[in-house]
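Note: the block below is work_14.tsv and it holds TSV, C-alpha atoms.
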```tsv
chain	number	residue	atom	x	y	z
A	1	MET	CA	105.11	156.23	79.59
A	2	PRO	CA	107.47	153.58	81.04
A	3	LYS	CA	109.66	151.36	78.95
A	4	LEU	CA	107.58	149.02	76.82
A	5	THR	CA	107.58	145.36	77.75
A	6	ALA	CA	106.41	142.34	75.82
A	7	GLN	CA	103.75	141.61	78.43
A	8	PHE	CA	102.51	145.21	78.37
A	9	VAL	CA	102.17	145.12	74.56
A	10	ARG	CA	100.36	141.77	74.63
A	11	ASP	CA	97.87	143.05	77.21
A	12	LEU	CA	97.02	146.21	75.30
A	13	PRO	CA	93.37	146.01	74.19
A	14	LEU	CA	92.54	146.76	70.58
A	15	SER	CA	91.01	150.16	69.89
A	16	ARG	CA	87.22	150.35	69.55
A	17	THR	CA	87.51	153.12	66.96
A	18	GLY	CA	90.45	154.69	65.18
A	19	GLN	CA	93.95	154.07	66.47
A	20	SER	CA	96.20	155.16	69.35
A	21	LEU	CA	99.98	155.58	69.58
A	22	ILE	CA	101.86	154.45	72.68
A	23	THR	CA	105.52	155.50	72.82
A	24	ASP	CA	108.47	153.93	74.62
A	25	ASP	CA	110.09	156.09	77.30
A	26	ALA	CA	113.41	154.23	76.97
A	27	LEU	CA	113.78	154.77	73.20
A	28	PRO	CA	112.26	158.09	72.04
A	29	GLY	CA	110.57	157.73	68.68
A	30	PHE	CA	109.80	154.04	69.18
A	31	GLY	CA	106.29	152.83	70.00
A	32	VAL	CA	103.33	150.64	69.23
A	33	ARG	CA	100.28	151.64	67.19
A	34	VAL	CA	97.03	150.05	68.39
A	35	GLY	CA	94.25	149.76	65.84
A	36	THR	CA	90.86	148.09	65.75
A	37	ARG	CA	92.25	144.84	64.33
A	38	SER	CA	95.97	144.70	65.08
A	39	LYS	CA	98.95	146.23	66.86
A	40	SER	CA	102.12	147.30	65.02
A	41	TYR	CA	105.50	148.69	66.08
A	42	PHE	CA	106.65	151.98	64.57
A	43	ALA	CA	109.53	154.44	64.57
A	44	GLU	CA	108.91	158.17	64.27
A	45	SER	CA	111.24	161.12	63.77
A	46	ARG	CA	111.72	164.21	61.64
A	47	VAL	CA	113.35	164.16	58.22
A	48	LYS	CA	114.21	167.48	56.64
A	49	GLY	CA	111.77	169.29	58.88
A	50	ARG	CA	108.87	166.84	58.33
A	51	THR	CA	107.57	164.17	60.71
A	52	ARG	CA	107.91	160.68	59.30
A	53	ARG	CA	106.50	157.47	60.79
A	54	VAL	CA	107.79	154.08	59.63
A	55	THR	CA	105.89	150.85	60.31
A	56	LEU	CA	108.29	148.16	61.50
A	57	GLY	CA	105.96	145.16	61.66
A	58	ARG	CA	102.97	143.64	63.40
A	59	ALA	CA	103.33	143.03	67.13
A	60	ASP	CA	102.04	139.47	66.81
A	61	THR	CA	104.82	138.48	64.39
A	62	LEU	CA	107.73	140.67	65.54
A	63	THR	CA	109.32	140.37	68.98
A	64	LEU	CA	109.80	143.50	71.06
A	65	ASN	CA	113.59	143.15	71.05
A	66	ASP	CA	113.71	142.78	67.26
A	67	ALA	CA	111.35	145.74	66.90
A	68	ARG	CA	113.70	147.90	69.02
A	69	LYS	CA	116.66	146.95	66.85
A	70	LEU	CA	114.72	147.83	63.70
A	71	ALA	CA	113.58	151.08	65.29
A	72	MET	CA	117.14	152.09	66.15
A	73	LYS	CA	118.18	151.45	62.55
A	74	ALA	CA	115.21	153.38	61.16
A	75	LEU	CA	115.76	156.30	63.56
A	76	ALA	CA	119.42	156.44	62.57
A	77	GLU	CA	118.48	156.57	58.89
A	78	MET	CA	116.01	159.38	59.52
A	79	ALA	CA	118.62	161.27	61.53
A	80	ASP	CA	120.85	160.95	58.46
A	81	GLY	CA	118.10	162.52	56.31
A	82	LYS	CA	116.84	159.30	54.70
A	83	ASP	CA	113.08	159.03	54.23
A	84	ARG	CA	112.29	155.32	54.23
A	85	ASN	CA	108.62	155.91	53.32
A	86	ALA	CA	109.67	157.89	50.27
A	87	GLN	CA	111.90	155.02	49.25
A	88	LEU	CA	109.03	152.57	49.73
A	89	ARG	CA	106.82	154.71	47.50
A	90	GLN	CA	109.54	154.81	44.85
A	91	ASP	CA	109.96	151.05	45.08
A	92	ARG	CA	106.20	150.62	44.71
A	93	ALA	CA	106.26	152.81	41.61
A	94	LYS	CA	109.08	150.73	40.15
A	95	LEU	CA	107.41	147.42	40.89
A	96	MET	CA	103.80	148.23	39.91
A	97	THR	CA	102.73	146.13	36.94
A	98	LEU	CA	100.28	146.97	34.19
A	99	GLY	CA	97.96	144.30	35.54
A	100	GLN	CA	97.92	145.99	38.96
A	101	ALA	CA	97.15	149.32	37.29
A	102	VAL	CA	94.25	147.76	35.37
A	103	GLU	CA	92.88	146.14	38.51
A	104	GLY	CA	93.23	149.34	40.54
A	105	TRP	CA	91.55	151.51	37.91
A	106	LEU	CA	88.62	149.14	37.40
A	107	SER	CA	88.08	148.70	41.14
A	108	GLU	CA	88.06	152.43	41.96
A	109	ARG	CA	86.07	153.69	38.99
A	110	ASP	CA	82.30	153.27	39.10
A	111	HIS	CA	81.92	151.49	35.75
A	112	ARG	CA	78.83	149.62	34.69
A	113	LYS	CA	79.42	145.88	34.64
A	114	ARG	CA	79.24	145.66	30.84
A	115	THR	CA	81.59	148.65	30.42
A	116	ALA	CA	84.13	147.24	32.89
A	117	GLU	CA	84.04	143.90	31.08
A	118	THR	CA	84.71	145.66	27.77
A	119	TYR	CA	87.70	147.55	29.18
A	120	LEU	CA	89.15	144.44	30.81
A	121	ALA	CA	88.69	142.41	27.62
A	122	THR	CA	90.44	145.15	25.64
A	123	MET	CA	93.46	145.17	27.95
A	124	GLN	CA	93.65	141.38	28.00
A	125	ARG	CA	93.34	141.14	24.22
A	126	GLU	CA	95.75	143.92	23.23
A	127	PHE	CA	98.19	143.93	26.17
A	128	GLY	CA	97.75	140.49	27.72
A	129	ASP	CA	101.47	139.72	27.55
A	130	TRP	CA	102.22	143.03	29.30
A	131	LEU	CA	99.96	142.59	32.34
A	132	GLY	CA	102.79	141.10	34.41
A	133	MET	CA	105.27	143.72	33.18
A	134	GLU	CA	106.39	146.56	35.45
A	135	LEU	CA	105.16	149.90	34.17
A	136	ARG	CA	108.66	151.36	34.11
A	137	TRP	CA	109.61	149.05	31.24
A	138	ILE	CA	106.78	150.27	28.99
A	139	THR	CA	108.42	153.15	27.16
A	140	PRO	CA	106.96	155.35	24.40
A	141	LYS	CA	109.04	153.44	21.84
A	142	VAL	CA	107.74	150.10	23.09
A	143	PHE	CA	104.16	151.34	23.13
A	144	GLN	CA	104.39	152.78	19.63
A	145	ALA	CA	105.47	149.40	18.25
A	146	ARG	CA	102.50	147.70	19.91
A	147	PHE	CA	100.15	150.43	18.72
A	148	HIS	CA	101.10	149.84	15.08
A	149	GLU	CA	100.48	146.11	15.50
A	150	ILE	CA	96.99	146.81	16.79
A	151	LYS	CA	96.26	149.50	14.19
A	152	ASP	CA	97.23	147.25	11.28
A	153	ARG	CA	94.76	144.66	12.56
A	154	THR	CA	91.90	146.92	13.70
A	155	PRO	CA	92.07	150.72	13.35
A	156	ALA	CA	88.95	151.21	15.45
A	157	GLY	CA	90.29	148.83	18.09
A	158	ALA	CA	93.53	150.80	18.23
A	159	ALA	CA	91.70	153.91	19.39
A	160	LEU	CA	89.92	151.99	22.15
A	161	ALA	CA	93.16	150.31	23.20
A	162	VAL	CA	94.97	153.66	23.52
A	163	ARG	CA	92.16	155.25	25.53
A	164	THR	CA	91.89	152.31	27.91
A	165	PHE	CA	95.65	152.02	28.38
A	166	LYS	CA	95.92	155.74	29.15
A	167	SER	CA	93.15	155.53	31.73
A	168	CYS	CA	94.92	152.68	33.55
A	169	TRP	CA	98.31	154.41	33.41
A	170	ASN	CA	96.99	157.76	34.58
A	171	TRP	CA	95.23	156.07	37.51
A	172	ALA	CA	98.53	154.46	38.53
A	173	ARG	CA	100.36	157.78	38.13
A	174	ALA	CA	97.89	159.51	40.43
A	175	ASP	CA	97.97	156.63	42.92
A	176	VAL	CA	101.75	156.40	43.33
A	177	THR	CA	103.11	159.75	44.48
A	178	ASP	CA	105.72	161.19	46.83
A	179	ALA	CA	104.91	162.88	50.15
A	180	GLU	CA	104.03	166.12	48.34
A	181	GLY	CA	101.69	164.37	45.92
A	182	ASN	CA	104.02	164.54	42.94
A	183	PRO	CA	103.75	161.52	40.60
A	184	LEU	CA	106.56	158.97	40.68
A	185	LEU	CA	105.68	157.55	37.27
A	186	PRO	CA	106.47	159.37	34.01
A	187	GLU	CA	103.87	160.68	31.58
A	188	CYS	CA	101.85	157.99	29.84
A	189	PRO	CA	103.86	156.37	27.00
A	190	ALA	CA	100.66	156.21	24.94
A	191	ASP	CA	100.87	160.01	24.59
A	192	ILE	CA	103.35	159.44	21.77
A	193	VAL	CA	100.41	158.47	19.55
A	194	LYS	CA	98.91	161.94	19.95
A	195	ARG	CA	102.22	163.77	19.71
A	196	LYS	CA	103.07	162.03	16.45
A	197	LYS	CA	99.48	162.33	15.19
A	198	ILE	CA	99.39	158.70	14.09
A	199	MET	CA	95.96	157.82	15.44
A	200	PRO	CA	93.76	156.76	12.51
A	201	LYS	CA	90.82	159.07	11.99
A	202	PRO	CA	87.58	157.27	12.79
A	203	LYS	CA	85.30	156.68	9.84
A	204	ARG	CA	81.83	157.37	11.15
A	205	ARG	CA	79.15	155.47	9.27
A	206	GLN	CA	76.87	157.68	7.23
A	207	THR	CA	74.27	155.02	6.44
A	208	PHE	CA	70.61	155.62	7.18
A	209	VAL	CA	67.27	154.57	5.72
A	210	SER	CA	66.58	156.70	2.66
A	211	ASP	CA	63.89	154.48	1.11
A	212	TRP	CA	61.27	153.78	3.77
A	213	LYS	CA	58.95	152.13	1.25
A	214	ALA	CA	61.52	149.47	0.37
A	215	PHE	CA	62.46	149.19	4.04
A	216	PHE	CA	58.94	148.29	5.17
A	217	GLU	CA	58.24	146.09	2.16
A	218	ALA	CA	61.27	143.96	3.10
A	219	LEU	CA	60.31	144.01	6.78
A	220	ASP	CA	56.63	143.16	6.25
A	221	ASN	CA	57.41	140.28	3.90
A	222	LEU	CA	60.26	138.87	6.00
A	223	GLU	CA	60.10	135.10	6.50
A	224	THR	CA	62.33	133.30	8.99
A	225	ASN	CA	61.14	129.71	8.43
A	226	SER	CA	62.22	128.75	11.95
A	227	ASN	CA	60.39	125.80	13.50
A	228	ARG	CA	62.33	126.22	16.73
A	229	HIS	CA	61.52	129.92	17.08
A	230	PRO	CA	58.32	130.57	15.10
A	231	GLU	CA	57.89	133.97	16.81
A	232	ALA	CA	61.35	135.18	15.77
A	233	GLY	CA	60.16	137.00	12.66
A	234	GLU	CA	57.31	138.88	14.35
A	235	LYS	CA	59.49	139.83	17.31
A	236	PHE	CA	62.21	141.07	14.94
A	237	LYS	CA	59.72	143.25	13.04
A	238	VAL	CA	58.51	144.92	16.23
A	239	TYR	CA	62.08	145.42	17.47
A	240	VAL	CA	63.26	147.00	14.22
A	241	GLU	CA	60.23	149.28	13.89
A	242	LEU	CA	60.56	150.34	17.54
A	243	LEU	CA	64.19	151.37	16.91
A	244	ALA	CA	63.21	153.30	13.81
A	245	ARG	CA	60.36	155.22	15.46
A	246	THR	CA	62.12	156.00	18.76
A	247	GLY	CA	65.84	156.22	17.99
A	248	LEU	CA	66.59	153.98	20.97
A	249	ARG	CA	69.93	152.27	21.35
A	250	MET	CA	69.93	148.52	20.74
A	251	THR	CA	70.38	147.55	24.40
A	252	GLU	CA	67.89	150.17	25.59
A	253	ALA	CA	65.22	148.54	23.46
A	254	ALA	CA	66.39	144.97	24.07
A	255	TYR	CA	66.15	145.32	27.87
A	256	LEU	CA	62.92	147.32	27.89
A	257	GLU	CA	60.46	146.03	30.50
A	258	TRP	CA	56.71	146.48	30.56
A	259	ALA	CA	57.14	148.24	33.90
A	260	ASP	CA	58.99	150.99	31.98
A	261	VAL	CA	56.21	151.43	29.39
A	262	ASP	CA	53.12	153.55	30.04
A	263	LEU	CA	50.70	152.82	27.22
A	264	LYS	CA	48.03	155.12	28.67
A	265	GLY	CA	50.43	157.99	29.16
A	266	LYS	CA	52.11	157.10	25.85
A	267	THR	CA	55.65	157.18	27.24
A	268	LEU	CA	58.52	154.84	27.94
A	269	THR	CA	61.34	155.24	30.44
A	270	ILE	CA	64.98	154.31	30.06
A	271	ILE	CA	66.09	153.70	33.63
A	272	ALA	CA	69.48	155.02	34.79
A	273	GLU	CA	70.97	151.52	35.06
A	274	ARG	CA	70.39	150.95	31.34
A	275	SER	CA	71.11	154.46	30.12
A	276	LYS	CA	74.51	155.06	28.54
A	277	ASN	CA	74.97	158.40	30.30
A	278	GLY	CA	73.68	157.03	33.59
A	279	GLU	CA	70.61	159.28	33.65
A	280	ALA	CA	67.02	158.06	33.54
A	281	ILE	CA	64.84	159.60	30.86
A	282	THR	CA	61.13	159.39	30.00
A	283	LEU	CA	60.34	159.74	26.30
A	284	PRO	CA	57.04	160.37	24.51
A	285	LEU	CA	55.72	157.78	22.07
A	286	ALA	CA	54.14	158.49	18.72
A	287	GLU	CA	50.68	157.06	18.10
A	288	GLN	CA	52.14	154.48	15.69
A	289	THR	CA	54.58	153.30	18.36
A	290	VAL	CA	51.82	153.02	20.94
A	291	ARG	CA	49.83	150.78	18.60
A	292	LEU	CA	52.94	148.72	17.91
A	293	LEU	CA	53.51	148.15	21.63
A	294	GLU	CA	49.84	147.50	22.34
A	295	ALA	CA	49.92	144.62	19.86
A	296	GLN	CA	53.14	143.35	21.43
A	297	ASN	CA	51.54	143.64	24.86
A	298	GLU	CA	48.78	141.28	23.80
A	299	ARG	CA	51.46	138.72	22.94
A	300	THR	CA	53.79	139.11	25.93
A	301	GLY	CA	51.94	141.33	28.41
A	302	GLY	CA	52.25	138.78	31.19
A	303	GLU	CA	56.04	138.65	30.94
A	304	THR	CA	58.68	140.93	32.46
A	305	TYR	CA	60.23	142.18	29.26
A	306	VAL	CA	58.53	143.64	26.23
A	307	TRP	CA	59.96	140.69	24.30
A	308	GLY	CA	58.91	137.96	26.72
A	309	ALA	CA	60.51	136.34	29.75
A	310	SER	CA	63.98	137.60	28.85
A	311	PRO	CA	65.61	140.54	27.03
A	312	TYR	CA	65.76	140.48	23.24
A	313	GLY	CA	68.65	138.25	22.18
A	314	ASP	CA	70.98	138.28	19.19
A	315	PRO	CA	68.80	138.04	16.03
A	316	ARG	CA	71.78	137.49	13.76
A	317	LYS	CA	70.13	135.01	11.39
A	318	THR	CA	66.97	137.10	11.11
A	319	LEU	CA	69.01	140.24	10.49
A	320	THR	CA	70.90	138.45	7.71
A	321	ALA	CA	67.62	137.43	6.08
A	322	PHE	CA	66.34	141.01	6.35
A	323	ARG	CA	69.50	142.40	4.76
A	324	GLU	CA	69.18	139.97	1.87
A	325	ALA	CA	65.54	140.96	1.34
A	326	LEU	CA	66.37	144.66	1.57
A	327	GLY	CA	69.41	144.51	-0.66
A	328	TRP	CA	71.87	146.43	1.52
A	329	SER	CA	73.71	145.81	4.78
A	330	ILE	CA	71.59	147.67	7.30
A	331	GLY	CA	72.60	147.72	10.96
A	332	PHE	CA	70.51	148.37	14.04
A	333	HIS	CA	72.41	151.56	14.80
A	334	ASP	CA	71.53	152.79	11.31
A	335	LEU	CA	67.94	153.05	12.53
A	336	ARG	CA	69.00	155.36	15.34
A	337	ARG	CA	70.87	157.46	12.79
A	338	SER	CA	67.79	157.42	10.55
A	339	PHE	CA	65.59	158.74	13.36
A	340	SER	CA	68.01	161.62	13.95
A	341	THR	CA	68.28	162.34	10.22
A	342	VAL	CA	64.50	162.55	9.80
A	343	ALA	CA	64.18	164.79	12.86
A	344	THR	CA	66.86	167.12	11.48
A	345	ARG	CA	65.17	167.17	8.05
A	346	LEU	CA	61.97	168.26	9.79
A	347	ASP	CA	63.85	171.11	11.51
A	348	VAL	CA	63.33	169.68	14.98
A	349	GLN	CA	65.29	171.77	17.47
A	350	GLN	CA	68.68	170.11	17.91
A	351	THR	CA	68.46	170.29	21.68
A	352	LYS	CA	65.29	168.20	21.45
A	353	VAL	CA	66.98	165.76	19.07
A	354	LYS	CA	69.79	165.33	21.61
A	355	ARG	CA	67.31	164.77	24.39
A	356	LEU	CA	65.24	162.28	22.40
A	357	MET	CA	68.38	160.29	21.63
A	358	ASN	CA	69.50	160.53	25.26
A	359	HIS	CA	72.82	162.11	24.37
A	360	SER	CA	74.75	163.79	27.14
A	361	THR	CA	74.50	167.59	27.19
A	362	ALA	CA	77.10	168.06	29.95
A	363	ASN	CA	79.41	170.11	27.71
A	364	ASP	CA	76.63	171.97	25.91
A	365	VAL	CA	76.16	175.29	27.70
A	366	THR	CA	73.06	176.27	25.71
A	367	ALA	CA	71.40	172.90	26.29
A	368	GLY	CA	71.98	173.38	29.98
A	369	TYR	CA	69.55	176.31	29.89
A	370	GLN	CA	66.87	174.38	28.00
A	371	ILE	CA	65.17	172.05	30.46
A	372	LEU	CA	63.37	169.24	28.63
A	373	ASN	CA	62.40	166.92	31.46
A	374	ASP	CA	58.72	166.96	30.46
A	375	PRO	CA	58.16	164.40	27.66
A	376	GLU	CA	55.15	166.42	26.46
A	377	MET	CA	57.56	169.12	25.28
A	378	MET	CA	58.96	166.62	22.77
A	379	ARG	CA	55.80	164.78	21.76
A	380	VAL	CA	55.13	166.88	18.65
A	381	ALA	CA	58.66	166.17	17.38
A	382	VAL	CA	58.35	162.40	17.93
A	383	GLN	CA	54.97	162.32	16.21
A	384	ALA	CA	56.32	164.31	13.27
A	385	VAL	CA	59.13	161.79	12.73
A	386	SER	CA	56.72	158.84	12.73
A	387	ASP	CA	54.30	160.64	10.42
A	388	PHE	CA	57.12	161.40	7.97
A	389	ILE	CA	58.19	157.75	7.98
A	390	ASP	CA	54.62	156.68	7.16
A	391	GLN	CA	54.32	159.28	4.39
A	392	GLN	CA	57.49	157.96	2.79
A	393	ARG	CA	56.37	154.39	3.36
A	394	THR	CA	53.25	154.85	1.22
A	395	ALA	CA	54.73	157.26	-1.31
```

As structure tokens, the full file:
Amino acid sequence: MPKLTAQFVRDLPLSRTGQSLITDDALPGFGVRVGTRSKSYFAESRVKGRTRRVTLGRADTLTLNDARKLAMKALAEMADGKDRNAQLRQDRAKLMTLGQAVEGWLSERDHRKRTAETYLATMQREFGDWLGMELRWITPKVFQARFHEIKDRTPAGAALAVRTFKSCWNWARADVTDAEGNPLLPECPADIVKRKKIMPKPKRRQTFVSDWKAFFEALDNLETNSNRHPEAGEKFKVYVELLARTGLRMTEAAYLEWADVDLKGKTLTIIAERSKNGEAITLPLAEQTVRLLEAQNERTGGETYVWGASPYGDPRKTLTAFREALGWSIGFHDLRRSFSTVATRLDVQQTKVKRLMNHSTANDVTAGYQILNDPEMMRVAVQAVSDFIDQQRTA
């Protein structure tokens, strides 16, 4: 290859696919890299037995003479054993901010939209003043002080904050490495929480419906007195009873569409996009639930969602009225816990309980051998739960 000239470089056509390297005969190790969108000058040599290529700049912004001067300097550094790329990686590690780590982690991980929004909101709420801070300045001591601030305000929020922070940091640590793949960032400073064992133990709620008679009396006699939304009370009753008889999660029930309900086959399907574990599942329906949905279908059968033209919203006022009528602070998730508790009381196989509640069985070796894809295999269990609820309701 002859000595590169400015005219020769300008006339080089862009590559149709991939890239090609054209070297300069006058200065070994100097050349131009031609890609599909641009051309860039580079310098290449060996450093400690390894080939290293340094990008000097784009050919449309850097003159050929200036590129040669930069190449001579870079080649001299490499001859002296200096790895400029390694230095650039170290500089990147030093300059990466927490905000860049958050953005990188969220962009590369395949989170659901709602999940990603939750993680981002957590980082903005708990570490908003750190997002512009370089990661190297966040030490274990600094993190511990922030952790205690969060824990004193919200113990449950502290656990979520630590998990989310660690995920962002560990992404950055894996992303910024040396030529051998070794991380250039230290271990996550949030690890001090685990080492010191200062994470508050989560207090899992133990509440469930123990008096189904009182539960249905309060539900049946619920009055909302809403002129604006006269259907709110009836819709709430169906929603609550559906949760109790199926064990569905709140959002799974709230976003249920008629297209996902088979009243003839007596099943409903939670599609993968709305399933917490990302897997679609078809569940059997008890006779009582089928009748409940048939009545709801007569009211909203022409709409997309089981609840009408849109998913079920936030029934906060109706829930408050129901709690007052019932006499204790019931939550929607308590109904899911109640379904599981009844199933366990009836000695339903725990693998079936897991499947009915759409819990992940990825780490359960035994469950992996028990294939329960056919909803008919779980129909007896679902019917038994609903029958028990009705027996207690009329007791």

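The residue set within 6 Å of Glu257 in chain A, counting all atoms listed in the file and dropping same-chain residues fewer than 4 places from it, reads Thr304, Tyr305 and Val306 of chain A.
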
Would you mind exporting C-alpha atoms of the selected residues as a tab-separated table (two decimals), in the coordinates of the input?
```tsv
chain	number	residue	atom	x	y	z
A	304	THR	CA	58.68	140.93	32.46
A	305	TYR	CA	60.23	142.18	29.26
A	306	VAL	CA	58.53	143.64	26.23
```

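Of the residues listed (A:Gln206, A:Asn277, A:Gln296, A:Ser38), A:Gln296 shows the shortest atom-to-atom separation from Val238 in chain A; distances use all atoms listed in the file.
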
request  = Would you kindly return, as JSON, numbers by chain, each protein, DNA or RNA residue with an atom no farther than 12 Å from any atom of Phe8 in chain A, considering all atoms listed in the file and excluding same-chain residues fewer than 5 positions away?
outcome  = {"A": [1, 2, 3, 13, 22, 24, 31, 32, 59, 64]}

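Among A:Val342, A:Val102, A:Ala232, A:Met123, the residue with the shortest atom-to-atom distance to Trp169 in chain A, counting only C-alpha atoms, is A:Val102.
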
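With all atoms listed in the file taken into account, the protein and nucleic acid residues at most 8 Å from Arg393 in chain A (excluding it and anything under 4 positions from it in its own chain) are Asp211, Trp212, Lys213, Ala214, Phe216 and Ile389 of chain A.
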
ask   = Taking (88.7, 144.1, 34.5) in the file's coordinates, which residues come within 7 Å, counting all atoms listed in the file, written as a list in words?
value =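 Those residues, ordered by chain and then number, are Val102, Glu103, Leu106, Ala116, Glu117, Tyr119 and Leu120 of chain A.
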
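Atom pair CA of Ala325 in chain A / CA of Gly233 in chain A: separated by 13.1 Å.
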
message = My list of candidates is A:Thr318, A:Ser167, A:Pro284, A:Thr177. Which is closest to Lys237 in chain A when distances are computed with all atoms listed in the file?
response =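 Closest residue, counting all atoms listed in the file: A:Thr318.
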
task = With all atoms listed in the file counted, which protein, DNA or RNA residues have an atom no more than 12 Å from (59.7, 151.0, 11.1) in the file frame? Please answer as a count of residues only.
result = 41

query = Which residues, written as a ChimeraX atom specification, have at least one atom at most 9 Å from Ala71 in chain A, with all atoms listed in the file counted and residues fewer than 6 positions away on the same chain left out?
reply = /A:27,29-31,41-44,54,56

May I have the selected residues written with C-alpha atoms, as a short mmCIF file (atom, residue, chain, number, x, y, z; two decimals), in the frame of the given file?
```cif
data_model
loop_
_atom_site.label_atom_id
_atom_site.label_comp_id
_atom_site.auth_asym_id
_atom_site.auth_seq_id
_atom_site.Cartn_x
_atom_site.Cartn_y
_atom_site.Cartn_z
CA LEU A 27 113.78 154.77 73.20
CA GLY A 29 110.57 157.73 68.68
CA PHE A 30 109.80 154.04 69.18
CA GLY A 31 106.29 152.83 70.00
CA TYR A 41 105.50 148.69 66.08
CA PHE A 42 106.65 151.98 64.57
CA ALA A 43 109.53 154.44 64.57
CA GLU A 44 108.91 158.17 64.27
CA VAL A 54 107.79 154.08 59.63
CA LEU A 56 108.29 148.16 61.50
#
```

Ser40 in chain A: which residues within 12 Å, counting all atoms listed in the file, same-chain residues fewer than 3 positions away excluded, as a PDB file with C-alpha atoms, in the coordinates of the input?
```
ATOM      1  CA  VAL A   9     102.170 145.120  74.560  1.00  0.00           C
ATOM      2  CA  ARG A  10     100.360 141.770  74.630  1.00  0.00           C
ATOM      3  CA  LEU A  12      97.020 146.210  75.300  1.00  0.00           C
ATOM      4  CA  LEU A  14      92.540 146.760  70.580  1.00  0.00           C
ATOM      5  CA  GLN A  19      93.950 154.070  66.470  1.00  0.00           C
ATOM      6  CA  SER A  20      96.200 155.160  69.350  1.00  0.00           C
ATOM      7  CA  LEU A  21      99.980 155.580  69.580  1.00  0.00           C
ATOM      8  CA  ILE A  22     101.860 154.450  72.680  1.00  0.00           C
ATOM      9  CA  THR A  23     105.520 155.500  72.820  1.00  0.00           C
ATOM     10  CA  PHE A  30     109.800 154.040  69.180  1.00  0.00           C
ATOM     11  CA  GLY A  31     106.290 152.830  70.000  1.00  0.00           C
ATOM     12  CA  VAL A  32     103.330 150.640  69.230  1.00  0.00           C
ATOM     13  CA  ARG A  33     100.280 151.640  67.190  1.00  0.00           C
ATOM     14  CA  VAL A  34      97.030 150.050  68.390  1.00  0.00           C
ATOM     15  CA  GLY A  35      94.250 149.760  65.840  1.00  0.00           C
ATOM     16  CA  THR A  36      90.860 148.090  65.750  1.00  0.00           C
ATOM     17  CA  ARG A  37      92.250 144.840  64.330  1.00  0.00           C
ATOM     18  CA  ALA A  43     109.530 154.440  64.570  1.00  0.00           C
ATOM     19  CA  ARG A  53     106.500 157.470  60.790  1.00  0.00           C
ATOM     20  CA  VAL A  54     107.790 154.080  59.630  1.00  0.00           C
ATOM     21  CA  THR A  55     105.890 150.850  60.310  1.00  0.00           C
ATOM     22  CA  LEU A  56     108.290 148.160  61.500  1.00  0.00           C
ATOM     23  CA  GLY A  57     105.960 145.160  61.660  1.00  0.00           C
ATOM     24  CA  ARG A  58     102.970 143.640  63.400  1.00  0.00           C
ATOM     25  CA  ALA A  59     103.330 143.030  67.130  1.00  0.00           C
ATOM     26  CA  ASP A  60     102.040 139.470  66.810  1.00  0.00           C
ATOM     27  CA  THR A  61     104.820 138.480  64.390  1.00  0.00           C
ATOM     28  CA  LEU A  62     107.730 140.670  65.540  1.00  0.00           C
ATOM     29  CA  THR A  63     109.320 140.370  68.980  1.00  0.00           C
ATOM     30  CA  LEU A  64     109.800 143.500  71.060  1.00  0.00           C
ATOM     31  CA  ALA A  67     111.350 145.740  66.900  1.00  0.00           C
TER      32      ALA A  67
END
```
